[in-house]
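Have a look at upload_24.cif; it's mmCIF, C-alpha atoms and all ligand atoms:
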```
data_upload
loop_
_atom_site.label_atom_id
_atom_site.label_comp_id
_atom_site.auth_asym_id
_atom_site.auth_seq_id
_atom_site.Cartn_x
_atom_site.Cartn_y
_atom_site.Cartn_z
CA MET A 91 -22.60 8.00 -7.88
CA GLU A 92 -24.92 7.33 -4.99
CA THR A 93 -25.37 3.95 -3.38
CA LYS A 94 -28.86 3.51 -4.90
CA ASP A 95 -27.55 3.97 -8.44
CA ILE A 96 -24.49 1.81 -7.79
CA ILE A 97 -26.59 -1.10 -6.52
CA PHE A 98 -29.03 -0.77 -9.39
CA GLU A 99 -26.23 -0.73 -11.93
CA LEU A 100 -24.39 -3.70 -10.41
CA ARG A 101 -27.56 -5.74 -10.14
CA THR A 102 -28.67 -5.14 -13.72
CA LYS A 103 -25.16 -5.64 -15.10
CA LYS A 104 -25.13 -9.03 -13.43
CA GLY A 105 -28.53 -9.76 -14.95
CA LEU A 106 -30.19 -10.25 -11.56
CA SER A 107 -33.78 -9.36 -10.72
CA GLN A 108 -34.43 -7.60 -7.40
CA GLU A 109 -35.79 -10.91 -6.18
CA GLU A 110 -32.65 -12.79 -7.14
CA LEU A 111 -30.34 -10.27 -5.55
CA ALA A 112 -32.47 -10.31 -2.41
CA GLU A 113 -32.08 -14.06 -2.13
CA LYS A 114 -28.32 -13.93 -2.53
CA VAL A 115 -27.86 -11.50 0.34
CA PHE A 116 -30.66 -12.82 2.55
CA VAL A 117 -33.02 -9.84 2.47
CA THR A 118 -36.49 -9.29 1.04
CA ARG A 119 -37.18 -8.01 -2.47
CA GLN A 120 -38.70 -4.93 -0.81
CA ALA A 121 -35.41 -4.22 0.90
CA VAL A 122 -33.60 -4.23 -2.44
CA SER A 123 -36.28 -2.00 -3.87
CA ARG A 124 -35.83 0.47 -1.00
CA TRP A 125 -32.05 0.58 -1.58
CA GLU A 126 -32.61 1.36 -5.23
CA THR A 127 -35.06 4.16 -4.55
CA GLY A 128 -32.63 5.58 -2.01
CA GLU A 129 -35.02 5.13 0.90
CA THR A 130 -32.52 3.05 2.86
CA ILE A 131 -28.99 1.78 2.52
CA PRO A 132 -27.96 -1.79 3.28
CA ASN A 133 -26.76 -2.51 6.82
CA THR A 134 -23.14 -3.35 7.55
CA GLU A 135 -23.52 -7.12 7.30
CA THR A 136 -25.41 -6.86 4.03
CA LEU A 137 -22.85 -4.43 2.67
CA LYS A 138 -20.21 -7.07 3.32
CA LEU A 139 -22.18 -9.63 1.36
CA LEU A 140 -22.82 -7.20 -1.50
CA SER A 141 -19.14 -6.32 -1.51
CA GLN A 142 -18.22 -9.96 -1.90
CA LEU A 143 -20.92 -10.66 -4.48
CA PHE A 144 -20.00 -7.72 -6.70
CA ASP A 145 -16.28 -7.77 -5.94
CA MET A 146 -16.44 -4.13 -4.98
CA SER A 147 -15.26 -2.52 -1.75
CA ILE A 148 -17.84 -1.26 0.74
CA ASN A 149 -16.38 2.20 0.36
CA THR A 150 -17.11 2.13 -3.37
CA LEU A 151 -20.60 0.69 -2.79
CA LEU A 152 -21.28 3.67 -0.56
CA GLY A 153 -20.23 6.09 -3.31
CA SER A 154 -16.61 6.47 -2.17
CA PRO A 155 -17.17 8.79 0.83
CA ARG A 156 -13.57 8.22 1.97
CA GLN A 157 -10.24 8.14 0.20
CA LEU A 158 -8.87 4.90 1.56
CA ILE A 159 -5.17 4.73 2.32
CA CYS A 160 -3.14 1.63 3.05
CA GLN A 161 -2.34 1.76 6.78
CA CYS A 162 0.98 0.08 6.09
CA CYS A 163 2.55 1.81 3.10
CA GLY A 164 0.31 4.85 2.63
CA MET A 165 -0.73 3.98 -0.90
CA PRO A 166 -4.15 5.31 -1.98
CA LEU A 167 -6.53 2.35 -2.23
CA GLU A 168 -8.81 1.49 -5.11
CA ASP A 169 -10.87 -1.65 -5.52
CA SER A 170 -8.19 -3.12 -7.74
CA ASN A 171 -5.47 -2.89 -5.10
CA ILE A 172 -7.32 -3.39 -1.81
CA SER A 173 -6.28 -6.48 0.14
CA LYS A 174 -8.61 -9.38 0.80
CA GLU A 175 -9.08 -11.81 3.65
CA ILE A 176 -8.93 -15.56 3.10
CA ASP A 177 -12.73 -15.68 2.88
CA GLY A 178 -12.67 -13.23 -0.02
CA PHE A 179 -13.89 -10.17 1.87
CA PHE A 180 -12.06 -6.94 1.24
CA ASN A 181 -9.85 -5.64 4.04
CA GLU A 182 -10.12 -1.94 3.34
CA GLU A 183 -7.27 -1.06 5.69
CA TYR A 184 -4.47 -2.35 3.51
CA CYS A 185 -3.28 -2.69 -0.05
CA LYS A 186 -2.94 -6.15 -1.53
CA TRP A 187 0.83 -5.94 -1.46
CA CYS A 188 1.02 -5.26 2.27
CA TYR A 189 -1.65 -7.70 3.40
CA ALA A 190 -2.95 -10.90 1.84
CA ASP A 191 -4.81 -13.98 3.02
CA GLY A 192 -5.12 -12.73 6.56
CA GLU A 193 -1.45 -11.85 7.03
CA TYR A 194 0.96 -9.01 6.57
CA THR A 195 2.94 -9.99 3.52
CA LEU A 196 5.75 -7.68 4.25
CA ASP A 197 8.67 -9.04 6.04
CA ILE A 198 9.34 -6.02 8.18
CA TRP A 199 5.77 -6.00 9.49
CA LYS A 200 5.85 -9.67 10.29
CA ARG A 201 9.07 -9.24 12.18
CA TYR A 202 7.73 -6.26 14.07
CA ALA A 203 4.41 -7.91 14.78
CA GLU A 204 6.48 -10.58 16.51
CA ILE A 205 8.51 -8.23 18.64
CA GLY A 206 6.02 -5.53 19.47
CA GLY A 207 4.21 -3.99 16.54
CA LYS A 208 4.00 -0.42 15.39
CA GLU A 209 5.78 1.14 18.35
CA LYS A 210 8.84 -0.99 17.71
CA LEU A 211 8.76 -0.08 14.06
CA GLU A 212 8.68 3.61 15.00
CA GLU A 213 11.69 3.12 17.30
CA PHE A 214 13.58 1.36 14.55
CA LYS A 215 12.70 4.14 12.12
CA GLN A 216 14.11 6.74 14.51
CA GLN A 217 17.25 4.66 14.92
CA LEU A 218 17.74 4.52 11.15
CA ILE A 219 17.09 8.24 10.75
CA HIS A 220 19.76 8.83 13.38
CA GLU A 221 22.18 6.60 11.46
CA PHE A 222 21.50 8.36 8.17
CA ASN A 223 22.01 11.76 9.80
CA THR A 224 25.04 11.13 11.95
CA LEU A 225 27.09 8.19 10.73
CA LEU A 226 27.33 8.49 7.00
CA HIS A 227 28.27 12.08 6.05
CA ILE A 228 27.24 11.92 2.40
CA GLU A 229 27.87 15.22 0.65
CA GLY A 230 24.69 16.88 -0.52
CA LEU A 231 22.41 14.55 1.38
CA PRO A 232 20.00 16.73 3.39
CA LYS A 233 18.89 15.90 6.90
CA VAL A 234 16.59 12.89 6.87
CA GLU A 235 13.32 13.73 8.62
CA ASN A 236 11.18 10.71 7.91
CA LEU A 237 11.21 7.26 6.35
CA ASN A 238 8.36 5.43 4.66
CA VAL A 239 7.67 1.75 4.41
CA LEU A 240 8.43 0.87 0.81
CA SER A 241 7.85 -2.27 -1.16
CA GLY A 242 11.00 -3.67 -2.77
CA GLU A 243 9.40 -4.06 -6.17
CA PHE A 244 8.96 -0.30 -6.54
CA ILE A 245 12.46 0.73 -5.55
CA ASN A 246 14.68 -2.12 -6.68
CA MET A 247 16.96 -0.26 -9.07
CA GLU A 248 19.59 -1.84 -11.22
CA TYR A 249 23.07 -0.37 -10.80
CA THR A 250 25.95 -0.67 -13.20
CA LEU A 251 29.22 -1.55 -11.48
CA PRO A 252 32.56 -0.14 -12.72
CA ASN A 253 33.20 -3.46 -14.52
CA GLY A 254 29.93 -3.06 -16.43
CA GLU A 255 28.10 -5.73 -14.48
CA LYS A 256 24.51 -4.86 -13.56
CA VAL A 257 23.29 -5.61 -10.06
CA LYS A 258 20.23 -5.18 -7.89
CA PHE A 259 20.52 -5.09 -4.11
CA LEU A 260 16.94 -5.42 -2.96
CA ASP A 261 14.36 -8.15 -2.94
CA ASP A 262 11.11 -7.35 -4.77
CA LYS A 263 9.13 -9.24 -2.16
CA GLN A 264 10.56 -7.53 0.90
CA THR A 265 9.82 -4.18 2.49
CA TYR A 266 12.23 -1.47 3.38
CA LEU A 267 12.28 1.86 5.06
CA GLY A 268 13.35 4.66 2.79
CA SER A 269 12.78 8.04 1.29
CA GLN A 270 13.64 10.27 -1.64
CA LEU A 271 15.43 13.54 -0.99
CA GLU A 272 16.55 16.41 -3.17
CA SER A 273 20.27 17.09 -3.19
CA GLU A 274 21.38 20.11 -1.17
CA PHE A 275 23.40 21.16 -4.20
CA GLY A 276 20.32 21.29 -6.43
CA GLY A 277 20.57 19.80 -9.90
CA ASP A 278 18.39 17.11 -11.35
CA ARG A 279 19.67 14.14 -9.36
CA CYS A 280 17.80 12.97 -6.27
CA PHE A 281 18.97 10.86 -3.39
CA GLY A 282 17.20 7.62 -2.70
CA ILE A 283 17.86 6.16 0.73
CA VAL A 284 16.83 2.66 1.74
CA ALA A 285 17.48 0.51 4.77
CA ASN A 286 16.33 -2.48 6.70
CA MET A 287 17.67 -4.27 9.74
CA ASP A 288 20.71 -5.50 7.85
CA PHE A 289 21.96 -2.73 5.59
CA ILE A 290 21.82 0.88 4.47
CA LEU A 291 21.83 1.86 0.82
CA ILE A 292 22.13 5.33 -0.67
CA ALA A 293 21.87 6.03 -4.38
CA THR A 294 21.31 8.99 -6.64
CA TYR A 295 19.20 9.05 -9.77
CA GLU A 296 17.43 11.34 -12.22
CA ALA A 297 13.68 11.84 -12.58
CA ASN A 298 11.71 8.56 -12.56
CA GLY A 299 14.71 6.65 -11.30
CA GLU A 300 16.70 7.04 -14.53
CA ASN A 301 20.46 6.43 -14.51
CA PRO A 302 20.81 5.29 -10.91
CA GLU A 303 24.22 5.41 -9.29
CA LEU A 304 25.11 3.69 -6.07
CA VAL A 305 26.65 5.97 -3.45
CA ILE A 306 26.98 3.56 -0.56
CA TYR A 307 25.86 0.08 0.42
CA LYS A 308 26.79 -0.71 3.94
CA LYS A 309 26.04 -3.51 6.37
CA ARG A 310 24.56 -2.28 9.61
ZN ZN B 1 0.28 -1.11 1.38
#
```

For the file at hand, write its structure as structure tokens.
Amino acid sequence: METKDIIFELRTKKGLSQEELAEKVFVTRQAVSRWETGETIPNTETLKLLSQLFDMSINTLLGSPRQLICQCCGMPLEDSNISKEIDGFFNEEYCKWCYADGEYTLDIWKRYAEIGGKEKLEEFKQQLIHEFNTLLHIEGLPKVENLNVLSGEFINMEYTLPNGEKVKFLDDKQTYLGSQLESEFGGDRCFGIVANMDFILIATYEANGENPELVIYKKR
């Protein structure tokens, strides 16, 4: 949909006249009329106000010209998962799990913001990749090339110990660096590798994380 149709639809759905919408975003009725005929599009400041009023990202108001991606975790962004600032404006750089109320929610980002930001994170990532590739010698685990920032809630698997007890090792609210890799021996089990500053964890599992088995959990 084009911006003109989107604005028209949002306005009428909200039961607002052109006049009423104009008042809410501090423009003239004629300006609203021109948006809806496609003659002009709202300026950046007005887009922000419209975004807040309709609870819709600016990208969506503009007809979704870009596929937004969270700059922290790489997740594709939709209006339902885009983060917001304290004042209620969308922050279209991040998902709502990585950034909320004007702050990075994720532990690892907070810690890195304190000690030097993205460059430090990259250094740490390379250090972990080195550890995965040289220190552990897990049979079937291919060479680790990259690690992603992952939210604990998506990767916190429950493992059954030999005594039948079920345990989880991660914290849903924290972030980790990790990846999924296919076993060098083939088969239907994948490796999942996860680490943070304190530990390294390697597990195997079937499609969709079924039947996870812990391979190693090691303090760093
Ligand atoms: Zn994110």

Tell me which of A:Leu152, A:Leu111, A:Leu167, A:Leu260 sits closest to ligand ZN 1 (chain B), counting only C-alpha atoms and all ligand atoms.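 Ranked by minimum distance to ligand ZN 1 (chain B), first place goes to A:Leu167.
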
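Using only C-alpha atoms, the contacts of Leu106 of chain A at a cut-off of 12 Å, with sequence neighbours closer than 4 positions omitted, comprise Ile97, Phe98, Glu99, Leu100, Arg101, Thr102, Glu110, Leu111, Ala112, Glu113, Lys114, Arg119, Val122, Leu143 and Phe144 of chain A.
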
How many Å separate atom CA of Val284 of chain A from atom CA of Ile159 of chain A?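 Between atom CA of Val284 of chain A and atom CA of Ile159 of chain A the gap works out to 22.1 Å.
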
Would you mind telling me which residue in A:Pro232, A:Gly242, A:Gly153, A:Gly178 lies nearest to ligand ZN 1 (chain B) when using only C-alpha atoms and all ligand atoms?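 Checking each of A:Pro232, A:Gly242, A:Gly153, A:Gly178 against ligand ZN 1 (chain B), counting only C-alpha atoms and all ligand atoms, the winner is A:Gly242.
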
Return the single residue from A:Asn286, A:Asn181, A:Thr250, A:Ser273 that is closest to ligand ZN 1 (chain B), with distances computed using only C-alpha atoms and all ligand atoms.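 Distance minimum relative to ligand ZN 1 (chain B) lands on A:Asn181.
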
As a list in words, please: the residues near segment 139-142 of chain A (cut-off 9 Å, all atoms listed in the file, same-chain neighbours under 4 positions excluded).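 With the cut-off at 9 Å, the set is Ile97, Lys114, Val115, Pro132, Thr134, Glu135, Met146, Ser147, Ile148, Thr150, Leu151, Gly178, Phe179 and Phe180 of chain A.
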
Please give me, as a ChimeraX atom specification, the residues lying within 10 Å of ligand ZN 1 (chain B) when counting only C-alpha atoms and all ligand atoms. /A:159-167,171-173,183-189,194-196,239-241

Skipping near chain neighbours, those fewer than 3 positions away, what residues fall within 7 Å of Ile283 of chain A using all atoms listed in the file, listed as a list in words?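 The contact residues come out as Gly268, Ser269, Gln270, Leu291, Ile292 and Ala293 of chain A.
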